[in-house]
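Asker: Before anything else, here's the structure in question.
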Amino acid sequence: MSILAVVERCLEVQFSEVFRILKNPVDEKYLISPFLIVPLMYVSMVMPGVLNFQRELAEHAGYNAYISVVLVGISIHLILWMIYKILRSNQEGLDVTAINKTCFGKIAGNIINFAIVLYFCFGAYIKFRAYIEVIQVWVFPSVEMIIICTLLVLLLYYTVSGGFRSVTGLSFFGLLISIIHVIPEFSLVLPYTHPLNLMPLFNHSITDILLSSKSMIYQYMGLEALLLYYPFIKSPAKSQKWAHLTVFFLTLMYLMIIIITFMYFSEGQLREILWPTLYMLKILEGPVLQRVEYLAISMWLIKMVANISLFLWAACRGMKNVFQIKPRASLIAFLVGFLILEYFLKDPNIFRWIEFYSDVGLYFIYGYIPIMFVVTQIRKNWNKG
Amino acid sequence: MKTEFKNLDQLLKLAGQSSDFKTTTILLGKQKVNIFYYSTLIDAKWMQQHLILVVQNRSLDSEIKEIEDIKDWIPINDIEITDELTNIQSKLLKGYALVQLNENDQKCALVNLADNHGLRQNNDTENEFSVVGPKVGFVEDLDTNIGLLRTQINIPNLIIKEIIVGTTSKTKVAIIYIDGVTNKQHIQTFEQRLVDIDHDVVFDSSLLDQMMSDNSLTPFPLFVSTERRDRVVYSLINGQVAVISDGSPYFVTGPSTLFDFFISPEDYYLPWILGSFFRLIRIFGVIFSLFATSMYVAITTFHYEVIPKDLLSPLIFSRKNVPFTPFFEVLFLEITIEFLREAGARLPTKIGQTLGIVGGIVIGQAAVEAALTSNILLIVVALSALASFTTPIYKMSNAIRFLRFPIIILSAIFGGIGLFMGVCFLFIHLIRLKSLGSPYFVPIFPLRTMDLKDSFIRPSFQFLYKRPQYLRPNSLFRYLPKPVKQKNDLDEE
């Protein structure tokens, strides 16, 4: 074969690559209706953090931390708006990996894409580890976790291998289950609260409140998964209002939890408690059940599996877009990696890992997304001009 | 399995090896007319009256020259003149008699003398019983069944397509749908899947059910199979497709959803409030029977904190002499109940009932007295067994009875986490399942709010005028909603 033919062949591959990206690659039958973005976003954002975020939040701003919740909520609305702008800047139906490639070229774009894949994979692992931690602390302090991990991994494999549709379905049930039990639980705690704990309403500096906000961002991380599953939404433009509604609802929920927690515990008490949300549930008692937190943690499993599998799915999808690796192969690789890490990594301090992930997420959400926003907007205007 | 024949003689020679293959020779003047038939498949009296006697009488004043003449002679409609060996072979085996004018003639007449003896003409709905409503069930004969259907769907739009399935049994399988209602895609999928089946004998429609199903790795039945006429008619008018094989009293209808299995036709015969209530009871029964015993195992093994103190003392009291772990206790009782169920299903009805009562009461009582189980658990297990039988479709109730065991095992190992792992597996499995290419868990996921109204409750007929949307029917309206007859506003006329 002459060199010319080789060059020609390369060019051909390049062109077919371009065409593959340009046309909407997702088959109609895999699409989900725009409404289903609600469970997806809810599930991707709510994590075990909701069981203990109050303590860290109150560390700087004390009982004024509810302001941080509102501030972060507003900023997340802005970020969400930017995400939609980024995704819509190009053709409809392109995810962020394709946009990276068109904006930064093939090599630089793929490096960024690979970083994104790593981020999602790491996020999935962190969540997996965090939930195992919760189980270990609350349910089975003495049991070897490797069996539970294996079963969880199987469960994750079964979910993700069903494709985006089954991930969405599980998220839907995760949302249903958490709505069914979260709202009654917190309303039942209400009689035991002391509203005066909240006073004074404003006695911390702006700096303190902003410092508190930083820890709150972790509770919204996961929304960036939208960057990858966007092409799977049928008429994506319609989903924007649902997305904003979810963020609004979630902010409201966090606000409710934080205010109830502050009214329930005194500030000194809160500092000593590792899992404030679960401690509050301890007080509830029904005719057939008491200590519902044991069952609540178990119920959380469904939402956690949905959450982790969404992140895993995003990572696999990214791998497919970047390296053309079959999603199933990368899924198996990721899950085996989880098990190996679980077996060999006897690091009891999961909080340090979460902190690291949290920092990365912070840069991702407040660094990468605004930059991408600016780049795509400039590109768009430049193309128009 | 297939044997190629070179000529008719060879075929007749092979068939003659069986004792029920008979040859009758009639002498018409000089002519020797041979009639070949399987005596077990034909109606002998009918042959005597309408074939032999008629031919003999007729031959007194006229002569038969060609085989085609026989059509004018015999007062039977279904006569075919052919020399195709495969056709002759299959027709002979369906109860046709072969009339050969002269020996060594290749062209012969096939006369339909098939007999339907041994088949029931009607049937009570014994396995899907309902207190209110018709008790018409299907029988083992395809034509009778279709006739039964036609009495209730009295329009020419009811289309029946026949396909032959089974290399050995050559069973007629009918695909039934209402033209203009059912989505063409469902019909095509059904047809394609039936054509693709490669199997020797089709014993029952349930076999087709399994061979057509989208996923064989599931305990759930993916198509409703029913012997009730009203249920088949209801699914047909809703835009589903029904399939039945000859020789089976069970129709298979699809595409089905999980909720179809918890609907009883009786819901529609009772006032909607009662119908809805009973349907909810049924759904609650399923959830209860799936999770009650595994909850018991999870809570008594791991999460005793969850039990309130008032309930704790009776529980401890009932369990204090039991030497086993809750898991063994539960397994012992559950397997006892499974034995009783299986024995009851295999034994003749009368013995089965007695055995059920004696076995249930005696074994249960003795097990508690011998301190093998606690009596609280006995109550829970008995209740959940009872609850699992509220499901109207037998196949579904079997699936639910089976599914309890993995969940019990999971909750014995991991307590509440295990229980919810089971739930999670169940959810994902249901989400991934498809019946005839359309999702099985509809209208919950994907959420179809319009179809939700006839799932958990049975709404008033005022709201039932639309067909389910997930079936994508060609016409959406079943009937026009009736206008409100009377509207009274606080004493005003």
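Letters A, B, ... go to the chains of the structure tokens in the order shown; residues in each chain start at 1; ligands are counted from 1 in the same order.
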Could you make a table, as JSON lines, of the residues of stretch 199-267 of chain A that have an atom within 10 Å of an atom of stretch 366-378 of chain A, each with its nearest atom pair and distance in Å to one decimal, counting only C-alpha atoms, in chain and number order?
Answerer:
{"residue": "A:Ile217", "atom": "CA", "partner": "A:Tyr366", "partner_atom": "CA", "distance": 9.8}
{"residue": "A:Glu224", "atom": "CA", "partner": "A:Ile369", "partner_atom": "CA", "distance": 8.7}
{"residue": "A:Leu227", "atom": "CA", "partner": "A:Ile369", "partner_atom": "CA", "distance": 9.7}
Asker: Report as a tab-separated table: every residue of stretch 162-239 of chain B with an atom at most 12 Å from stretch 69-91 of chain B, its closest pair of atoms, and their distance in Å to one decimal, counting only C-alpha atoms, with rows sorted by chain and ascending residue number.
Answerer:
residue	atom	partner	partner_atom	distance
B:Ile164	CA	B:Ser90	CA	11.7
B:Thr167	CA	B:Ser90	CA	11.6
B:Thr168	CA	B:Ser90	CA	10.6
B:Ser169	CA	B:Ser90	CA	10.3
B:Lys170	CA	B:Ser90	CA	8.5
B:Thr171	CA	B:Ser90	CA	11.2
Asker: For the structure I just gave you, how does DSSP split stretch 21-57 of chain A - specifically, which residues are alpha helix (DSSP H)? Reply as a list of chain:residue names.
Answerer: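 In stretch 21-57 of chain A, DSSP puts these residues in alpha helix (DSSP H): A:Ile21, A:Leu22, A:Ile37, A:Val38, A:Pro39, A:Leu40, A:Met41, A:Tyr42, A:Val43, A:Ser44, A:Met45, A:Phe53, A:Gln54, A:Arg55, A:Glu56, A:Leu57.
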Asker: How would you write, as a ChimeraX atom specification, the set of residues in stretch 89-287 of chain B that DSSP gives as strand (DSSP E)?
Answerer: /B:96-100,108-112,123-124,136-137,158-165,171-178,224-226,241-245,251-254
Asker: For those residues, write C-alpha atoms to a file as a PDB file, in the first residue's frame.
Answerer:
ATOM      1  CA  TYR B  96     -59.863 -36.829   5.758  1.00  0.00           C
ATOM      2  CA  ALA B  97     -60.634 -39.994   3.854  1.00  0.00           C
ATOM      3  CA  LEU B  98     -58.732 -40.719   0.663  1.00  0.00           C
ATOM      4  CA  VAL B  99     -60.883 -41.982  -2.207  1.00  0.00           C
ATOM      5  CA  GLN B 100     -59.008 -43.783  -4.934  1.00  0.00           C
ATOM      6  CA  CYS B 108     -57.309 -38.977  -5.557  1.00  0.00           C
ATOM      7  CA  ALA B 109     -60.101 -37.244  -3.710  1.00  0.00           C
ATOM      8  CA  LEU B 110     -59.809 -36.125  -0.111  1.00  0.00           C
ATOM      9  CA  VAL B 111     -63.130 -36.054   1.744  1.00  0.00           C
ATOM     10  CA  ASN B 112     -63.443 -34.358   5.083  1.00  0.00           C
ATOM     11  CA  ASN B 123     -66.312 -25.292  29.801  1.00  0.00           C
ATOM     12  CA  ASP B 124     -66.668 -23.590  33.136  1.00  0.00           C
ATOM     13  CA  VAL B 136     -67.973 -19.215  29.848  1.00  0.00           C
ATOM     14  CA  GLY B 137     -64.548 -20.667  29.332  1.00  0.00           C
ATOM     15  CA  LEU B 158     -62.507  -9.368  14.118  1.00  0.00           C
ATOM     16  CA  ILE B 159     -59.741 -10.857  12.010  1.00  0.00           C
ATOM     17  CA  ILE B 160     -58.354 -14.334  12.469  1.00  0.00           C
ATOM     18  CA  LYS B 161     -55.085 -15.339  10.844  1.00  0.00           C
ATOM     19  CA  GLU B 162     -53.941 -18.920  10.903  1.00  0.00           C
ATOM     20  CA  ILE B 163     -50.362 -20.091  11.043  1.00  0.00           C
ATOM     21  CA  ILE B 164     -49.104 -23.663  11.246  1.00  0.00           C
ATOM     22  CA  VAL B 165     -46.588 -24.146  14.048  1.00  0.00           C
ATOM     23  CA  THR B 171     -50.810 -27.265  15.032  1.00  0.00           C
ATOM     24  CA  LYS B 172     -53.050 -24.517  13.786  1.00  0.00           C
ATOM     25  CA  VAL B 173     -52.339 -21.314  15.652  1.00  0.00           C
ATOM     26  CA  ALA B 174     -54.696 -18.383  15.283  1.00  0.00           C
ATOM     27  CA  ILE B 175     -53.729 -14.744  15.670  1.00  0.00           C
ATOM     28  CA  ILE B 176     -56.793 -12.722  16.543  1.00  0.00           C
ATOM     29  CA  TYR B 177     -57.187  -8.964  16.546  1.00  0.00           C
ATOM     30  CA  ILE B 178     -59.672  -6.266  15.715  1.00  0.00           C
ATOM     31  CA  VAL B 224     -51.606 -12.921  30.012  1.00  0.00           C
ATOM     32  CA  SER B 225     -52.905 -16.418  29.434  1.00  0.00           C
ATOM     33  CA  THR B 226     -56.531 -16.878  30.225  1.00  0.00           C
ATOM     34  CA  VAL B 241     -53.594  -9.223  20.128  1.00  0.00           C
ATOM     35  CA  ALA B 242     -54.732 -12.703  21.162  1.00  0.00           C
ATOM     36  CA  VAL B 243     -53.127 -15.960  20.114  1.00  0.00           C
ATOM     37  CA  ILE B 244     -54.448 -19.470  20.612  1.00  0.00           C
ATOM     38  CA  SER B 245     -53.260 -22.838  19.441  1.00  0.00           C
ATOM     39  CA  PHE B 251     -55.631 -17.698  25.005  1.00  0.00           C
ATOM     40  CA  VAL B 252     -52.406 -15.741  25.147  1.00  0.00           C
ATOM     41  CA  THR B 253     -52.870 -11.994  24.932  1.00  0.00           C
ATOM     42  CA  GLY B 254     -50.273  -9.311  24.567  1.00  0.00           C
TER      43      GLY B 254
END
Asker: Hey, could you make a per-residue contact list for chain B against chain A with 7 Å as the cut-off, showing the nearest pair of atoms and its distance in Å to one decimal, counting only C-alpha atoms, sorted by chain and number, as CSV?
Answerer:
residue,atom,partner,partner_atom,distance
B:Glu305,CA,A:Arg291,CA,6.4
B:Val306,CA,A:Gln290,CA,4.7
B:Ile307,CA,A:Leu289,CA,5.3
B:Pro308,CA,A:Gln290,CA,5.5
B:Gly416,CA,A:Ser298,CA,5.5
B:Ile417,CA,A:Ser298,CA,4.7
B:Phe420,CA,A:Ser298,CA,6.1
B:Cys424,CA,A:Ile302,CA,5.8
B:Phe425,CA,A:Leu155,CA,6.7
B:Phe427,CA,A:Leu170,CA,6.9
B:Ile428,CA,A:Thr159,CA,6.2
B:Ile431,CA,A:Ser166,CA,5.9
B:Arg432,CA,A:Ser166,CA,6.1
B:Phe445,CA,A:Gly169,CA,6.3
Asker: Need the shell around stretch 364-374 of chain B: protein/DNA/RNA residues with any atom at most 10 Å away, counting only C-alpha atoms. Skip same-chain ones fewer than 3 positions apart. Format as a VMD selection string?
Answerer: chain B and resid 315 to 326 328 to 330 332 to 333 336 to 337 358 to 361 377 to 379 382
Asker: Using N, CA and C atoms, can you write the selected residues to a file as a tab-separated table (two decimals), in the first residue's frame?
Answerer:
chain	number	residue	atom	x	y	z
B	315	LEU	N	-43.53	-11.20	70.99
B	315	LEU	CA	-42.65	-11.83	70.01
B	315	LEU	C	-41.62	-12.71	70.70
B	316	ILE	N	-41.03	-12.16	71.75
B	316	ILE	CA	-40.03	-12.96	72.48
B	316	ILE	C	-40.69	-14.18	73.10
B	317	PHE	N	-41.88	-13.97	73.65
B	317	PHE	CA	-42.60	-15.06	74.29
B	317	PHE	C	-42.85	-16.19	73.30
B	318	SER	N	-43.26	-15.83	72.09
B	318	SER	CA	-43.58	-16.87	71.12
B	318	SER	C	-42.33	-17.54	70.58
B	319	ARG	N	-41.20	-16.84	70.66
B	319	ARG	CA	-39.99	-17.40	70.06
B	319	ARG	C	-39.04	-18.03	71.07
B	320	LYS	N	-39.41	-17.97	72.37
B	320	LYS	CA	-38.37	-18.29	73.35
B	320	LYS	C	-37.96	-19.76	73.33
B	321	ASN	N	-38.87	-20.66	72.89
B	321	ASN	CA	-38.52	-22.08	72.86
B	321	ASN	C	-38.05	-22.55	71.50
B	322	VAL	N	-38.07	-21.66	70.53
B	322	VAL	CA	-37.72	-22.08	69.18
B	322	VAL	C	-36.20	-22.17	69.06
B	323	PRO	N	-35.69	-23.34	68.70
B	323	PRO	CA	-34.23	-23.48	68.70
B	323	PRO	C	-33.55	-22.97	67.43
B	324	PHE	N	-34.33	-22.60	66.43
B	324	PHE	CA	-33.72	-22.25	65.15
B	324	PHE	C	-33.60	-20.75	64.98
B	325	THR	N	-32.78	-20.37	63.99
B	325	THR	CA	-32.74	-18.96	63.61
B	325	THR	C	-34.03	-18.64	62.86
B	326	PRO	N	-34.42	-17.36	62.84
B	326	PRO	CA	-35.65	-17.01	62.12
B	326	PRO	C	-35.63	-17.49	60.69
B	328	PHE	N	-34.33	-20.23	59.35
B	328	PHE	CA	-34.71	-21.63	59.23
B	328	PHE	C	-36.18	-21.82	59.53
B	329	GLU	N	-36.62	-21.08	60.53
B	329	GLU	CA	-38.02	-21.14	60.92
B	329	GLU	C	-38.91	-20.80	59.72
B	330	VAL	N	-38.57	-19.68	59.07
B	330	VAL	CA	-39.36	-19.23	57.94
B	330	VAL	C	-39.28	-20.22	56.79
B	332	PHE	N	-38.70	-23.36	56.87
B	332	PHE	CA	-39.45	-24.57	57.21
B	332	PHE	C	-40.93	-24.37	56.88
B	333	LEU	N	-41.49	-23.27	57.36
B	333	LEU	CA	-42.93	-23.05	57.15
B	333	LEU	C	-43.25	-22.77	55.70
B	336	THR	N	-43.23	-25.91	53.80
B	336	THR	CA	-44.42	-26.69	54.12
B	336	THR	C	-45.60	-26.22	53.28
B	337	ILE	N	-45.76	-24.88	53.23
B	337	ILE	CA	-46.88	-24.33	52.47
B	337	ILE	C	-46.73	-24.67	50.99
B	358	VAL	N	-56.43	-30.64	56.45
B	358	VAL	CA	-55.79	-31.48	57.46
B	358	VAL	C	-54.32	-31.10	57.60
B	359	GLY	N	-53.64	-31.07	56.43
B	359	GLY	CA	-52.22	-30.77	56.46
B	359	GLY	C	-51.95	-29.42	57.09
B	360	GLY	N	-52.69	-28.41	56.64
B	360	GLY	CA	-52.46	-27.06	57.13
B	360	GLY	C	-52.64	-26.97	58.63
B	361	ILE	N	-53.80	-27.45	59.09
B	361	ILE	CA	-54.09	-27.27	60.52
B	361	ILE	C	-53.19	-28.16	61.37
B	377	LEU	N	-45.05	-16.23	63.63
B	377	LEU	CA	-44.57	-16.48	62.27
B	377	LEU	C	-45.57	-17.32	61.48
B	378	LEU	N	-46.19	-18.27	62.18
B	378	LEU	CA	-47.18	-19.11	61.50
B	378	LEU	C	-48.28	-18.23	60.91
B	379	ILE	N	-48.71	-17.24	61.71
B	379	ILE	CA	-49.75	-16.33	61.22
B	379	ILE	C	-49.24	-15.57	60.00
B	382	ALA	N	-48.94	-17.90	56.94
B	382	ALA	CA	-50.24	-18.30	56.42
B	382	ALA	C	-50.90	-17.13	55.70
Asker: Residues within 12 Å of stretch 462-476 of chain B, please, as a PyMOL selection string. Count only C-alpha atoms; anything in the same chain fewer than 2 positions from it doesn't count.
Answerer: chain B and resi 177-187+234-241+254-257+260+268+272+435-455+457-460+478-485
Asker: So how many Å separate atom CA of B:Thr125 and atom CA of B:Val139, to one decimal?
Answerer: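 These atoms are spaced 10.1 Å apart.
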Asker: Which residue, B:Ile26, B:Ile299, B:Ile393, B:Ala15, has the smallest gap to B:Ile263 when you use only C-alpha atoms?
Answerer: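 Distance minimum relative to B:Ile263 lands on B:Ile393.
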Asker: Hey, which of A:Val322, A:Leu345, A:Leu211, A:Val360 ends up closest to A:Gly109? Count only C-alpha atoms.
Answerer: A:Val322
Asker: Considering only C-alpha atoms, state which residue in the set A:Gly222, A:Gly361, A:Gly62, A:Gly73 is at the smallest distance from A:His244.
Answerer: A:Gly73
Asker: Can you tell me, as a VMD selection string, what residues are no more than 7 Å from B:Gly422 when counting only C-alpha atoms, ignoring any on the same chain fewer than 3 positions away?
Answerer: chain B and resid 407 410 418 to 419 425 to 426
Asker: Residues of the last selection are to be written out with all heavy atoms, as a PDB file, in the first residue's frame.
Answerer:
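Saved result, part35.pdb, follows:
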ATOM      1  N   ILE B 407     -35.771 -13.177  48.153  1.00  0.00           N
ATOM      2  CA  ILE B 407     -35.813 -12.018  49.045  1.00  0.00           C
ATOM      3  C   ILE B 407     -35.613 -12.455  50.489  1.00  0.00           C
ATOM      4  O   ILE B 407     -34.913 -11.789  51.259  1.00  0.00           O
ATOM      5  CB  ILE B 407     -37.126 -11.231  48.847  1.00  0.00           C
ATOM      6  CG1 ILE B 407     -37.186 -10.712  47.419  1.00  0.00           C
ATOM      7  CG2 ILE B 407     -37.217 -10.075  49.811  1.00  0.00           C
ATOM      8  CD1 ILE B 407     -38.404  -9.919  47.100  1.00  0.00           C
ATOM      9  N   LEU B 410     -31.913 -13.092  50.904  1.00  0.00           N
ATOM     10  CA  LEU B 410     -31.161 -11.827  50.976  1.00  0.00           C
ATOM     11  C   LEU B 410     -31.354 -11.171  52.331  1.00  0.00           C
ATOM     12  O   LEU B 410     -30.401 -10.665  52.928  1.00  0.00           O
ATOM     13  CB  LEU B 410     -31.635 -10.876  49.870  1.00  0.00           C
ATOM     14  CG  LEU B 410     -30.973 -11.053  48.511  1.00  0.00           C
ATOM     15  CD1 LEU B 410     -31.626 -10.137  47.505  1.00  0.00           C
ATOM     16  CD2 LEU B 410     -29.496 -10.734  48.620  1.00  0.00           C
ATOM     17  N   GLY B 418     -30.469  -6.114  52.661  1.00  0.00           N
ATOM     18  CA  GLY B 418     -30.718  -7.223  51.745  1.00  0.00           C
ATOM     19  C   GLY B 418     -32.109  -7.167  51.178  1.00  0.00           C
ATOM     20  O   GLY B 418     -32.319  -7.382  49.982  1.00  0.00           O
ATOM     21  N   LEU B 419     -33.058  -6.866  52.073  1.00  0.00           N
ATOM     22  CA  LEU B 419     -34.449  -6.767  51.626  1.00  0.00           C
ATOM     23  C   LEU B 419     -34.582  -5.745  50.504  1.00  0.00           C
ATOM     24  O   LEU B 419     -35.177  -6.009  49.462  1.00  0.00           O
ATOM     25  CB  LEU B 419     -35.328  -6.367  52.818  1.00  0.00           C
ATOM     26  CG  LEU B 419     -36.806  -6.164  52.566  1.00  0.00           C
ATOM     27  CD1 LEU B 419     -37.442  -7.472  52.222  1.00  0.00           C
ATOM     28  CD2 LEU B 419     -37.466  -5.575  53.788  1.00  0.00           C
ATOM     29  N   PHE B 425     -33.403  -5.068  42.851  1.00  0.00           N
ATOM     30  CA  PHE B 425     -33.291  -6.020  41.752  1.00  0.00           C
ATOM     31  C   PHE B 425     -34.627  -6.171  41.034  1.00  0.00           C
ATOM     32  O   PHE B 425     -34.707  -6.178  39.811  1.00  0.00           O
ATOM     33  CB  PHE B 425     -32.850  -7.394  42.271  1.00  0.00           C
ATOM     34  CG  PHE B 425     -31.393  -7.668  42.075  1.00  0.00           C
ATOM     35  CD1 PHE B 425     -30.563  -7.874  43.155  1.00  0.00           C
ATOM     36  CD2 PHE B 425     -30.851  -7.719  40.800  1.00  0.00           C
ATOM     37  CE1 PHE B 425     -29.219  -8.119  42.992  1.00  0.00           C
ATOM     38  CE2 PHE B 425     -29.512  -7.967  40.628  1.00  0.00           C
ATOM     39  CZ  PHE B 425     -28.694  -8.163  41.730  1.00  0.00           C
ATOM     40  N   LEU B 426     -35.678  -6.257  41.856  1.00  0.00           N
ATOM     41  CA  LEU B 426     -37.017  -6.445  41.308  1.00  0.00           C
ATOM     42  C   LEU B 426     -37.407  -5.260  40.428  1.00  0.00           C
ATOM     43  O   LEU B 426     -37.910  -5.425  39.312  1.00  0.00           O
ATOM     44  CB  LEU B 426     -37.991  -6.583  42.469  1.00  0.00           C
ATOM     45  CG  LEU B 426     -39.311  -7.255  42.181  1.00  0.00           C
ATOM     46  CD1 LEU B 426     -39.058  -8.675  41.753  1.00  0.00           C
ATOM     47  CD2 LEU B 426     -40.176  -7.230  43.419  1.00  0.00           C
TER      48      LEU B 426
END
Asker: Looking at only C-alpha atoms, which of A:Met253, A:Ile146, A:Leu51, A:Ile350 is the one that sits closest to A:Ile273?
Answerer: A:Leu51
Asker: Report, in Å to a single decimal, how far apart atom CA of B:Ser206 and atom CA of B:Glu266 are.
Answerer: 23.6 Å
Asker: State, in Å with one decimal place, the distance from atom CA of B:Ala114 to atom CA of B:Asn57.
Answerer: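 So the answer is 22.9 Å.
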